[in-house]
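A short write-up of the structure that comes next.
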Amino acid sequence: MSSNHTTISNAKRLRSTLLVGLVAVGSVALASPAADASSAAVTVKARLGASYRLLAVTKSGKSVVGSSSGGKVTLKGLTRSDTSGMTLSVVNKSGAYVGPVMLKYLANKKATSQPKKATSGFIKLKKASGATIDLGSVKTGANFAYTTKTQATTGTSVKVTNGVPPARDNFGKSSSASSGGVRSAADPTVNNLGDDPDQDGLVSFADVDDDGDGKLDLVDSTFYQQPVKEDGSNQGKASIFTALICGGNCVNLNAYNVTSPSGAASTQLATMINTFQGVFFQFRDVASTFPSRPDRNFGYFNVDCTGISWCSGDSSKAVTISPDYDQTGSQPAGNALPLNSGETNYSVLCGANVIAKDPVAASNTSYTGPANWPKNDAGTGSAFDRTMDEWVFRTCDPDKDGFPNIIPSKGTIASGMEWMNEIKPRMAGPDGMKVGDTIRYNLTDSKGKSLYSSTQVISGVIQTVPSIRSWGGTTLHQADGSYNTSSIAGMASAAANTGGTAEITFWRPQRAPIGSESTWQDVGGLTYALGSTAAMCKIDSATTSAGASLQVLTGAKGESVVADTANDATPNPANFITMRVSGLSTCMSGQVRLMAMDRAGNSTLFNWQVGTQQGGGAPPQGPSQGGGAPPQGPPNPPRP
């Protein structure tokens, strides 16, 4: 999904937080009571393998999904106007996006029923003429699907090879710029969630390179060579974004001199991901969507995991990071769980099957969590985190509809501010978060009526941290790839005490391969900042290891960000960024962090502790959404 749907400028987003929405969504347009043809109900029917789900996405982004039962699937909740340009996709039993449903094939401009003979195909439906769309049998392959009953289609055909749009192999990531036709596909600065503007056969919500320019949307500042909109007018109400907030022995592949995780790097990466990686769920329009909020059951934020291993099923270790109880006074009252007077247990919110910590016993340093708490990834101990109030996500279902819920805070109920929480997958490797994981929201009122829905495909996961290579000329990483955070803290503290400057070098973070990429990739095009709970540091200059100068942008209050211009590349320890930082006495206090984020808000942070406050390995506390909320960024930095 392109950040061109969701990106507000880095300046605006960093002003409030280092994390923003990953995927914009189209709100559900409820059918008008007017009895016109466009508002007439339409049902989609198909025969589909029992292990799959069928997903319909309208051009605006409204989504409807259905599971196959007895080899059949039916989609309801659509109108005739929804079907104009609507696409269909298949999701597998593990929640992974399989691919688009090809609705009609052509071989030398003539219709063919044999995918292997086809040279082109269509993915967009023509507006329905009746009350039912019968897809016939939907056949599935490894990365696409097709109908055996040719459909009435609209739009331009896309090229196919063996029935598959070539873009699907790499989730739409192009190897080079499009040779033409892009500007004729859509408005150059408007990209609808359910459309295919670069005509590569992959719909925008699942395409990591919407404009086909060879640059991932997450770091692409232009769309069709035009600046991305900055007023937020095309940002959706709901979003998913990923974060890695690590302290202690954080992982960067360059420190191990490997291009893909192996050996010690693989083991440490699994430990770090289990402990610190999270996916944030956010809904930003509570007040108007739910104008009346008399109690905690004013509505329900249901999350359909679609079978994804890390957030559904008996093997899941996914844990919700909740807002804290306010009974100790350690958190703002508006940030607390909506417990009624006298309540002390999560089961009153989530149901009798919830696995939750005992808030009293958890204060004991020897407490390892409930007996039935999920094990860590290695299976050697509990995944319980004493620093957080947690419950197992899949069991929290207060409306008993079969889908886990995001619980509102007291502040959400009282003021209608954003509805937000974090899920910690606690699973690494093939079962962990990855590009292609498909998640669906469904927000309902207190009676279960759907008010807003969307489907989103995770299109960016930064899986390691931007690691400090050296500080003031002293190398900080060890031979095994680990870091001595106490040395960082000591040098940071000394520099702060003298008010001096320091030259800091760091490696870019990495992401897993997409499609046919053979190695992990150093993530290029990110924005970097250095700061602490006290203040953001002033960066005087920044250069690459090759000697190229990078732009440093400074805000009204002196805060700075570095705008990297590099493309993604195979990890190489010789490639790093150097920045010279001054005035360290103002920013080296408490929890210090080197921060990186892409344009769509996926972020990764390398933390350590200066002084005697919270330990370096604990995640930072958020300002308003609770212990699992994202850390604060610079208050008013400029846009790169």
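Going by the structure tokens order, chains are called A, B, ..., each with residues numbered from 1, while ligands are numbered from 1 in the order shown.
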(request) With a distance cut-off of 9 Å and only C-alpha atoms, select the neighbouring residues of region 67-73 of chain A, excluding the residue or stretch itself and same-chain residues fewer than 3 positions from it, and output the selection as a list in words. (result) Val44, Lys45, Ala46, Arg47, Leu48, Gly49, Ala50, Ser51, Tyr52, Arg53, Leu54, Leu55 and Ser137 of chain A
(message) Using only C-alpha atoms, which protein or nucleic acid residues come within 12 Å of region 108-119 of chain A? Drop anything in the same chain fewer than 5 positions from it, and give the result as a list in words.
(response) Val101, Met102, Leu103, Lys139, Thr140, Gly141, Phe144, Ala145, Tyr146, Thr147, Thr148, Lys149, Thr150, Gln151, Ala152, Ser157, Val158, Lys159, Val160, Thr161, Asn162, Gly163, Val164, Pro165 and Pro166 of chain A
Please produce an output containing N, CA and C atoms for each residue in the selection, written as a PDB file, in the first residue's frame.
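Result written to part_29.pdb:
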```pdb
ATOM      1  N   VAL A 101      -7.656 -11.561  -8.368  1.00  0.00           N
ATOM      2  CA  VAL A 101      -8.443 -12.500  -9.167  1.00  0.00           C
ATOM      3  C   VAL A 101      -8.521 -11.960 -10.591  1.00  0.00           C
ATOM      4  N   MET A 102      -7.961 -12.679 -11.528  1.00  0.00           N
ATOM      5  CA  MET A 102      -8.042 -12.289 -12.928  1.00  0.00           C
ATOM      6  C   MET A 102      -9.438 -12.644 -13.434  1.00  0.00           C
ATOM      7  N   LEU A 103     -10.134 -11.656 -13.986  1.00  0.00           N
ATOM      8  CA  LEU A 103     -11.540 -11.818 -14.350  1.00  0.00           C
ATOM      9  C   LEU A 103     -11.750 -12.219 -15.804  1.00  0.00           C
ATOM     10  N   LYS A 139     -10.168 -20.338  -9.229  1.00  0.00           N
ATOM     11  CA  LYS A 139      -9.000 -21.201  -9.103  1.00  0.00           C
ATOM     12  C   LYS A 139      -7.830 -20.400  -8.529  1.00  0.00           C
ATOM     13  N   THR A 140      -7.054 -21.012  -7.663  1.00  0.00           N
ATOM     14  CA  THR A 140      -5.937 -20.310  -7.017  1.00  0.00           C
ATOM     15  C   THR A 140      -4.608 -20.949  -7.370  1.00  0.00           C
ATOM     16  N   GLY A 141      -3.619 -20.067  -7.558  1.00  0.00           N
ATOM     17  CA  GLY A 141      -2.248 -20.508  -7.729  1.00  0.00           C
ATOM     18  C   GLY A 141      -1.429 -20.027  -6.554  1.00  0.00           C
ATOM     19  N   PHE A 144      -1.692 -15.919  -7.401  1.00  0.00           N
ATOM     20  CA  PHE A 144      -2.759 -15.264  -8.145  1.00  0.00           C
ATOM     21  C   PHE A 144      -3.974 -16.179  -8.134  1.00  0.00           C
ATOM     22  N   ALA A 145      -5.068 -15.698  -8.694  1.00  0.00           N
ATOM     23  CA  ALA A 145      -6.284 -16.497  -8.841  1.00  0.00           C
ATOM     24  C   ALA A 145      -6.995 -16.047 -10.116  1.00  0.00           C
ATOM     25  N   TYR A 146      -7.914 -16.887 -10.586  1.00  0.00           N
ATOM     26  CA  TYR A 146      -8.649 -16.499 -11.787  1.00  0.00           C
ATOM     27  C   TYR A 146     -10.021 -17.174 -11.792  1.00  0.00           C
ATOM     28  N   THR A 147     -10.952 -16.570 -12.509  1.00  0.00           N
ATOM     29  CA  THR A 147     -12.304 -17.115 -12.606  1.00  0.00           C
ATOM     30  C   THR A 147     -12.421 -18.007 -13.833  1.00  0.00           C
ATOM     31  N   THR A 148     -13.194 -19.062 -13.675  1.00  0.00           N
ATOM     32  CA  THR A 148     -13.442 -19.925 -14.832  1.00  0.00           C
ATOM     33  C   THR A 148     -14.632 -19.425 -15.638  1.00  0.00           C
ATOM     34  N   LYS A 149     -15.368 -18.482 -15.042  1.00  0.00           N
ATOM     35  CA  LYS A 149     -16.514 -17.885 -15.725  1.00  0.00           C
ATOM     36  C   LYS A 149     -16.170 -16.439 -16.050  1.00  0.00           C
ATOM     37  N   THR A 150     -15.911 -16.158 -17.309  1.00  0.00           N
ATOM     38  CA  THR A 150     -15.475 -14.829 -17.732  1.00  0.00           C
ATOM     39  C   THR A 150     -16.466 -13.757 -17.292  1.00  0.00           C
ATOM     40  N   GLN A 151     -15.923 -12.656 -16.745  1.00  0.00           N
ATOM     41  CA  GLN A 151     -16.749 -11.574 -16.212  1.00  0.00           C
ATOM     42  C   GLN A 151     -16.749 -10.363 -17.131  1.00  0.00           C
ATOM     43  N   ALA A 152     -17.759  -9.514 -16.965  1.00  0.00           N
ATOM     44  CA  ALA A 152     -17.786  -8.226 -17.656  1.00  0.00           C
ATOM     45  C   ALA A 152     -16.811  -7.300 -16.953  1.00  0.00           C
ATOM     46  N   SER A 157      -6.311  -3.484 -19.902  1.00  0.00           N
ATOM     47  CA  SER A 157      -5.769  -4.810 -19.614  1.00  0.00           C
ATOM     48  C   SER A 157      -4.338  -4.691 -19.083  1.00  0.00           C
ATOM     49  N   VAL A 158      -3.917  -5.719 -18.369  1.00  0.00           N
ATOM     50  CA  VAL A 158      -2.548  -5.763 -17.841  1.00  0.00           C
ATOM     51  C   VAL A 158      -1.853  -6.981 -18.435  1.00  0.00           C
ATOM     52  N   LYS A 159      -0.560  -6.899 -18.586  1.00  0.00           N
ATOM     53  CA  LYS A 159       0.207  -8.015 -19.119  1.00  0.00           C
ATOM     54  C   LYS A 159       0.254  -9.158 -18.104  1.00  0.00           C
ATOM     55  N   VAL A 160       0.272 -10.384 -18.591  1.00  0.00           N
ATOM     56  CA  VAL A 160       0.382 -11.558 -17.721  1.00  0.00           C
ATOM     57  C   VAL A 160       1.366 -12.539 -18.328  1.00  0.00           C
ATOM     58  N   THR A 161       1.960 -13.335 -17.465  1.00  0.00           N
ATOM     59  CA  THR A 161       2.826 -14.441 -17.868  1.00  0.00           C
ATOM     60  C   THR A 161       2.360 -15.676 -17.135  1.00  0.00           C
ATOM     61  N   ASN A 162       1.957 -16.703 -17.852  1.00  0.00           N
ATOM     62  CA  ASN A 162       1.358 -17.892 -17.244  1.00  0.00           C
ATOM     63  C   ASN A 162       0.162 -17.525 -16.365  1.00  0.00           C
ATOM     64  N   GLY A 163      -0.547 -16.510 -16.780  1.00  0.00           N
ATOM     65  CA  GLY A 163      -1.741 -16.092 -16.062  1.00  0.00           C
ATOM     66  C   GLY A 163      -1.508 -15.108 -14.944  1.00  0.00           C
ATOM     67  N   VAL A 164      -0.257 -14.841 -14.590  1.00  0.00           N
ATOM     68  CA  VAL A 164       0.072 -14.004 -13.437  1.00  0.00           C
ATOM     69  C   VAL A 164       0.581 -12.636 -13.874  1.00  0.00           C
ATOM     70  N   PRO A 165       0.039 -11.556 -13.319  1.00  0.00           N
ATOM     71  CA  PRO A 165       0.656 -10.245 -13.572  1.00  0.00           C
ATOM     72  C   PRO A 165       2.075 -10.265 -13.028  1.00  0.00           C
ATOM     73  N   PRO A 166       3.096  -9.958 -13.813  1.00  0.00           N
ATOM     74  CA  PRO A 166       4.475 -10.022 -13.334  1.00  0.00           C
ATOM     75  C   PRO A 166       4.724  -9.231 -12.055  1.00  0.00           C
TER      76      PRO A 166
END
```
(request) Using backbone DSSP assignments, extract all strand (DSSP E) residues from region 47-152 of chain A; output them as a ChimeraX atom specification. (result) /A:47,53-57,63-67,72-79,87-91,97-102,104-107,110-112,120-122,124-125,132-140,145-147
May I have the residues from that selection written out with C-alpha atoms, as a PDB file, in the first residue's frame?
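Output below, filename out.pdb:
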```pdb
ATOM      1  CA  ARG A  47     -16.812 -21.450  -5.566  1.00  0.00           C
ATOM      2  CA  ARG A  53     -10.990 -16.084   1.687  1.00  0.00           C
ATOM      3  CA  LEU A  54     -12.390 -13.849  -1.025  1.00  0.00           C
ATOM      4  CA  LEU A  55     -11.826 -10.115  -0.691  1.00  0.00           C
ATOM      5  CA  ALA A  56     -13.675  -7.403  -2.615  1.00  0.00           C
ATOM      6  CA  VAL A  57     -12.231  -3.868  -2.618  1.00  0.00           C
ATOM      7  CA  SER A  63     -13.806  -3.754   1.663  1.00  0.00           C
ATOM      8  CA  VAL A  64     -15.908  -6.863   2.115  1.00  0.00           C
ATOM      9  CA  VAL A  65     -14.420 -10.278   2.857  1.00  0.00           C
ATOM     10  CA  GLY A  66     -15.872 -13.753   3.155  1.00  0.00           C
ATOM     11  CA  SER A  67     -14.515 -17.210   4.052  1.00  0.00           C
ATOM     12  CA  LYS A  72     -18.556 -21.754  -1.541  1.00  0.00           C
ATOM     13  CA  VAL A  73     -18.229 -18.108  -0.543  1.00  0.00           C
ATOM     14  CA  THR A  74     -20.744 -15.255  -0.586  1.00  0.00           C
ATOM     15  CA  LEU A  75     -20.013 -11.533  -0.207  1.00  0.00           C
ATOM     16  CA  LYS A  76     -22.765  -9.158   0.901  1.00  0.00           C
ATOM     17  CA  GLY A  77     -22.853  -5.490   1.904  1.00  0.00           C
ATOM     18  CA  LEU A  78     -22.106  -4.141  -1.567  1.00  0.00           C
ATOM     19  CA  THR A  79     -24.153  -1.819  -3.749  1.00  0.00           C
ATOM     20  CA  THR A  87     -11.381  -5.701  -7.760  1.00  0.00           C
ATOM     21  CA  LEU A  88     -11.315  -9.106  -6.123  1.00  0.00           C
ATOM     22  CA  SER A  89      -8.406 -10.785  -4.366  1.00  0.00           C
ATOM     23  CA  VAL A  90      -7.695 -14.012  -2.502  1.00  0.00           C
ATOM     24  CA  VAL A  91      -6.164 -14.338   0.977  1.00  0.00           C
ATOM     25  CA  TYR A  97      -2.217 -11.930   0.391  1.00  0.00           C
ATOM     26  CA  VAL A  98      -2.252 -14.461  -2.442  1.00  0.00           C
ATOM     27  CA  GLY A  99      -3.014 -12.112  -5.297  1.00  0.00           C
ATOM     28  CA  PRO A 100      -5.637 -10.534  -7.545  1.00  0.00           C
ATOM     29  CA  VAL A 101      -8.443 -12.500  -9.167  1.00  0.00           C
ATOM     30  CA  MET A 102      -8.042 -12.289 -12.928  1.00  0.00           C
ATOM     31  CA  LYS A 104     -10.856 -12.302 -18.056  1.00  0.00           C
ATOM     32  CA  TYR A 105      -7.875 -13.377 -20.151  1.00  0.00           C
ATOM     33  CA  LEU A 106      -6.871 -12.443 -23.692  1.00  0.00           C
ATOM     34  CA  ALA A 107      -4.502 -14.210 -26.090  1.00  0.00           C
ATOM     35  CA  LYS A 110      -9.053 -12.797 -28.235  1.00  0.00           C
ATOM     36  CA  ALA A 111     -10.666 -14.257 -25.120  1.00  0.00           C
ATOM     37  CA  THR A 112      -9.121 -17.446 -23.747  1.00  0.00           C
ATOM     38  CA  SER A 120      -3.033 -10.041 -20.967  1.00  0.00           C
ATOM     39  CA  GLY A 121      -5.947  -9.938 -18.556  1.00  0.00           C
ATOM     40  CA  PHE A 122      -8.382  -7.726 -16.621  1.00  0.00           C
ATOM     41  CA  LYS A 124     -11.622  -4.613 -12.659  1.00  0.00           C
ATOM     42  CA  LEU A 125     -15.317  -5.442 -12.754  1.00  0.00           C
ATOM     43  CA  THR A 132     -25.852 -11.050  -8.256  1.00  0.00           C
ATOM     44  CA  ILE A 133     -22.346 -11.426  -9.616  1.00  0.00           C
ATOM     45  CA  ASP A 134     -21.520 -15.100 -10.140  1.00  0.00           C
ATOM     46  CA  LEU A 135     -17.770 -15.601 -10.416  1.00  0.00           C
ATOM     47  CA  GLY A 136     -18.137 -19.310 -11.010  1.00  0.00           C
ATOM     48  CA  SER A 137     -15.158 -21.293  -9.759  1.00  0.00           C
ATOM     49  CA  VAL A 138     -12.190 -19.226  -8.531  1.00  0.00           C
ATOM     50  CA  LYS A 139      -9.000 -21.201  -9.103  1.00  0.00           C
ATOM     51  CA  THR A 140      -5.937 -20.310  -7.017  1.00  0.00           C
ATOM     52  CA  ALA A 145      -6.284 -16.497  -8.841  1.00  0.00           C
ATOM     53  CA  TYR A 146      -8.649 -16.499 -11.787  1.00  0.00           C
ATOM     54  CA  THR A 147     -12.304 -17.115 -12.606  1.00  0.00           C
TER      55      THR A 147
END
```
(message) Just list as a list in words whatever in region 268-391 of chain A DSSP marks as helix (DSSP H, G or I).
(response)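 Filtering region 268-391 of chain A down to helix (DSSP H, G or I) leaves Gln268, Leu269, Ala270, Thr271, Met272, Ile273, Asn274, Thr275, Phe276, Val286, Ala287, Ser288, Thr289, Ala333, Gly334, Asn335, Ser347, Val348, Leu349, Cys350, Ala361, Ala362 and Ser363 of chain A.
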Written file, previous selection with N, CA and C atoms, as a CSV table (one decimal), in the first residue's frame:
```csv
chain,number,residue,atom,x,y,z
A,268,GLN,N,19.8,-13.7,17.8
A,268,GLN,CA,19.6,-12.4,18.5
A,268,GLN,C,18.4,-11.7,17.8
A,269,LEU,N,18.3,-11.8,16.5
A,269,LEU,CA,17.2,-11.1,15.8
A,269,LEU,C,15.8,-11.6,16.3
A,270,ALA,N,15.7,-12.9,16.5
A,270,ALA,CA,14.4,-13.5,17.0
A,270,ALA,C,14.1,-13.0,18.4
A,271,THR,N,15.2,-12.9,19.2
A,271,THR,CA,15.0,-12.4,20.6
A,271,THR,C,14.5,-11.0,20.6
A,272,MET,N,15.2,-10.2,19.8
A,272,MET,CA,14.8,-8.7,19.7
A,272,MET,C,13.4,-8.5,19.2
A,273,ILE,N,13.0,-9.3,18.1
A,273,ILE,CA,11.7,-9.1,17.6
A,273,ILE,C,10.6,-9.5,18.6
A,274,ASN,N,10.9,-10.7,19.3
A,274,ASN,CA,9.9,-11.1,20.2
A,274,ASN,C,9.7,-10.1,21.4
A,275,THR,N,10.7,-9.4,21.7
A,275,THR,CA,10.7,-8.5,22.8
A,275,THR,C,10.2,-7.1,22.4
A,276,PHE,N,10.6,-6.6,21.3
A,276,PHE,CA,10.4,-5.2,21.0
A,276,PHE,C,9.6,-4.8,19.8
A,286,VAL,N,-13.0,9.0,16.1
A,286,VAL,CA,-14.0,8.4,17.1
A,286,VAL,C,-15.1,9.4,17.3
A,287,ALA,N,-14.9,10.7,17.5
A,287,ALA,CA,-15.9,11.6,17.9
A,287,ALA,C,-17.1,11.7,16.9
A,288,SER,N,-16.8,11.7,15.6
A,288,SER,CA,-17.9,11.8,14.7
A,288,SER,C,-18.5,10.5,14.3
A,289,THR,N,-17.7,9.4,14.4
A,289,THR,CA,-18.2,8.1,14.1
A,289,THR,C,-19.0,7.6,15.3
A,333,ALA,N,-5.3,10.0,34.0
A,333,ALA,CA,-6.6,9.3,34.1
A,333,ALA,C,-7.2,9.0,32.8
A,334,GLY,N,-7.0,9.9,31.8
A,334,GLY,CA,-7.6,9.7,30.5
A,334,GLY,C,-6.9,8.6,29.7
A,335,ASN,N,-5.7,8.1,30.2
A,335,ASN,CA,-4.9,7.1,29.5
A,335,ASN,C,-5.2,5.7,30.0
A,347,SER,N,-10.6,-9.5,32.8
A,347,SER,CA,-11.7,-10.3,32.4
A,347,SER,C,-13.0,-9.5,32.3
A,348,VAL,N,-13.1,-8.4,33.0
A,348,VAL,CA,-14.3,-7.6,32.9
A,348,VAL,C,-14.4,-6.9,31.6
A,349,LEU,N,-13.3,-6.8,30.9
A,349,LEU,CA,-13.2,-6.1,29.6
A,349,LEU,C,-13.2,-7.1,28.5
A,350,CYS,N,-12.5,-8.2,28.7
A,350,CYS,CA,-12.2,-9.1,27.6
A,350,CYS,C,-12.9,-10.4,27.6
A,361,ALA,N,0.6,-9.2,41.8
A,361,ALA,CA,1.7,-10.1,41.8
A,361,ALA,C,2.8,-9.6,40.8
A,362,ALA,N,2.4,-8.9,39.8
A,362,ALA,CA,3.4,-8.5,38.8
A,362,ALA,C,4.4,-7.5,39.4
A,363,SER,N,4.1,-6.9,40.5
A,363,SER,CA,5.1,-6.0,41.2
A,363,SER,C,6.2,-6.8,41.8
```
(message) From the options A:Trp373, A:Trp471, A:Phe384, A:Phe205, which residue's atoms come nearest to Thr455 (chain A), counting only C-alpha atoms?
(response)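 Looking only at the distances to Thr455 (chain A), the closest residue turns out to be A:Phe205.
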(message) Between CA of Lys215 (chain A) and CA of Ser174 (chain A), what distance in Å does the model show, to one decimal?
(response)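 A separation of 7.3 Å between them.
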(message) With distances taken over only C-alpha atoms, which residue among A:Leu594, A:Val561, A:Ala238, A:Ala534 lies nearest Thr505 (chain A)?
(response) A:Leu594
(request) Go through A:Ser487, A:Ala492, A:Ser549, A:Val523 one by one, measure the shortest atom-to-atom distance of each to Arg593 (chain A) using only C-alpha atoms, and give the residue with the smallest value. (result)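 Ranking A:Ser487, A:Ala492, A:Ser549, A:Val523 by distance to Arg593 (chain A), first place goes to A:Ala492.
Considering only C-alpha atoms, the residue among A:Ser260, A:Thr365, A:Thr438, A:Met433 positioned nearest to Lys93 (chain A) is A:Thr438.
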(message) If we count only C-alpha atoms and set the cut-off at 10 Å, which residues sit around region 425-432 of chain A, ignoring sequence neighbours fewer than 2 positions away in its own chain? Please answer as a VMD selection string.
(response) chain A and resid 94 261 266 to 267 269 to 279 308 to 312 315 to 320 374 to 378 383 to 384 393 422 to 423 434 437 463
Include N, CA and C atoms and write out the residues we just selected as a tab-separated table (two decimals), in the first residue's frame.
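Heads up, here's the output in selection-v9.tsv:
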```tsv
chain	number	residue	atom	x	y	z
A	94	SER	N	-3.37	-18.53	6.10
A	94	SER	CA	-2.40	-17.93	7.02
A	94	SER	C	-2.47	-16.41	7.04
A	261	PRO	N	20.02	-12.89	7.92
A	261	PRO	CA	20.23	-13.44	9.26
A	261	PRO	C	20.73	-14.88	9.21
A	266	SER	N	20.85	-14.46	13.61
A	266	SER	CA	19.49	-14.96	13.53
A	266	SER	C	18.89	-15.17	14.92
A	267	THR	N	19.69	-15.75	15.82
A	267	THR	CA	19.21	-15.98	17.18
A	267	THR	C	18.88	-14.68	17.89
A	269	LEU	N	18.26	-11.78	16.52
A	269	LEU	CA	17.16	-11.10	15.84
A	269	LEU	C	15.82	-11.62	16.34
A	270	ALA	N	15.69	-12.94	16.50
A	270	ALA	CA	14.45	-13.52	17.01
A	270	ALA	C	14.15	-13.02	18.41
A	271	THR	N	15.17	-12.93	19.24
A	271	THR	CA	14.98	-12.44	20.61
A	271	THR	C	14.53	-10.99	20.61
A	272	MET	N	15.16	-10.16	19.77
A	272	MET	CA	14.82	-8.74	19.71
A	272	MET	C	13.40	-8.54	19.20
A	273	ILE	N	13.04	-9.25	18.13
A	273	ILE	CA	11.70	-9.10	17.57
A	273	ILE	C	10.64	-9.53	18.58
A	274	ASN	N	10.88	-10.65	19.26
A	274	ASN	CA	9.91	-11.14	20.25
A	274	ASN	C	9.69	-10.12	21.36
A	275	THR	N	10.73	-9.37	21.67
A	275	THR	CA	10.66	-8.46	22.81
A	275	THR	C	10.16	-7.08	22.43
A	276	PHE	N	10.55	-6.57	21.28
A	276	PHE	CA	10.38	-5.15	21.01
A	276	PHE	C	9.57	-4.77	19.78
A	277	GLN	N	9.30	-5.72	18.88
A	277	GLN	CA	8.58	-5.33	17.67
A	277	GLN	C	7.08	-5.28	17.92
A	278	GLY	N	6.41	-4.32	17.32
A	278	GLY	CA	4.97	-4.19	17.49
A	278	GLY	C	4.30	-3.66	16.25
A	279	VAL	N	3.00	-3.92	16.16
A	279	VAL	CA	2.18	-3.32	15.11
A	279	VAL	C	1.10	-2.51	15.80
A	308	ILE	N	-3.53	-14.95	10.17
A	308	ILE	CA	-2.12	-14.65	10.35
A	308	ILE	C	-1.60	-15.30	11.64
A	309	SER	N	-0.47	-15.98	11.56
A	309	SER	CA	0.05	-16.76	12.69
A	309	SER	C	0.29	-15.91	13.93
A	310	TRP	N	0.80	-14.70	13.74
A	310	TRP	CA	1.21	-13.93	14.91
A	310	TRP	C	0.06	-13.27	15.65
A	311	CYS	N	-1.14	-13.27	15.11
A	311	CYS	CA	-2.22	-12.65	15.86
A	311	CYS	C	-3.50	-13.47	15.88
A	312	SER	N	-3.45	-14.73	15.51
A	312	SER	CA	-4.65	-15.55	15.59
A	312	SER	C	-4.27	-17.01	15.74
A	315	SER	N	-1.61	-21.08	18.36
A	315	SER	CA	-0.16	-20.95	18.47
A	315	SER	C	0.29	-19.51	18.64
A	316	SER	N	-0.62	-18.56	18.51
A	316	SER	CA	-0.25	-17.16	18.55
A	316	SER	C	0.28	-16.75	19.91
A	317	LYS	N	1.31	-15.93	19.90
A	317	LYS	CA	1.85	-15.34	21.12
A	317	LYS	C	1.52	-13.85	21.20
A	318	ALA	N	0.65	-13.38	20.31
A	318	ALA	CA	0.37	-11.95	20.22
A	318	ALA	C	-0.20	-11.42	21.54
A	319	VAL	N	0.35	-10.31	21.98
A	319	VAL	CA	-0.05	-9.69	23.24
A	319	VAL	C	-0.43	-8.24	22.99
A	320	THR	N	-1.58	-7.83	23.54
A	320	THR	CA	-2.00	-6.44	23.46
A	320	THR	C	-1.34	-5.64	24.57
A	374	PRO	N	1.79	-17.44	27.07
A	374	PRO	CA	2.56	-18.02	25.97
A	374	PRO	C	4.06	-18.04	26.26
A	375	LYS	N	4.75	-19.02	25.70
A	375	LYS	CA	6.20	-19.12	25.85
A	375	LYS	C	6.90	-18.18	24.87
A	376	ASN	N	8.18	-17.91	25.15
A	376	ASN	CA	8.95	-17.12	24.21
A	376	ASN	C	9.21	-17.94	22.95
A	377	ASP	N	9.82	-17.31	21.95
A	377	ASP	CA	9.98	-17.96	20.66
A	377	ASP	C	10.82	-19.22	20.76
A	378	ALA	N	11.78	-19.23	21.69
A	378	ALA	CA	12.64	-20.40	21.87
A	378	ALA	C	11.98	-21.49	22.68
A	383	ALA	N	6.85	-15.42	27.77
A	383	ALA	CA	6.92	-14.21	26.97
A	383	ALA	C	6.37	-13.01	27.73
A	384	PHE	N	6.00	-13.22	28.97
A	384	PHE	CA	5.43	-12.17	29.80
A	384	PHE	C	6.41	-11.01	29.99
A	393	PHE	N	-4.03	-11.14	22.87
A	393	PHE	CA	-4.92	-10.41	21.97
A	393	PHE	C	-6.09	-11.26	21.50
A	422	GLU	N	-1.39	-1.27	20.67
A	422	GLU	CA	-0.30	-1.99	20.04
A	422	GLU	C	-0.48	-3.49	20.24
A	423	ILE	N	-0.14	-4.25	19.21
A	423	ILE	CA	-0.06	-5.69	19.31
A	423	ILE	C	1.40	-6.09	19.16
A	434	LYS	N	5.24	-9.77	8.29
A	434	LYS	CA	5.90	-9.71	6.99
A	434	LYS	C	5.04	-8.96	5.98
A	437	ASP	N	0.98	-9.56	4.87
A	437	ASP	CA	0.00	-9.92	5.89
A	437	ASP	C	-1.25	-9.05	5.72
A	463	GLN	N	12.93	-4.37	10.13
A	463	GLN	CA	13.10	-5.47	11.07
A	463	GLN	C	14.39	-5.45	11.87
```
(message) Env of Asn302 (chain A): 8 Å cut, atoms = only C-alpha atoms, seq-sep filter 4 positions within chain, self excluded. Answer as number ranges by chain.
(response) A: 403-406, 441-444
(request) Mind giving me the straight-line distance from CA of Asp285 (chain A) to CA of Pro338 (chain A) in Å, one decimal? (result)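 Taking CA of Asp285 (chain A) as the start and CA of Pro338 (chain A) as the end point, the length is 19.0 Å.
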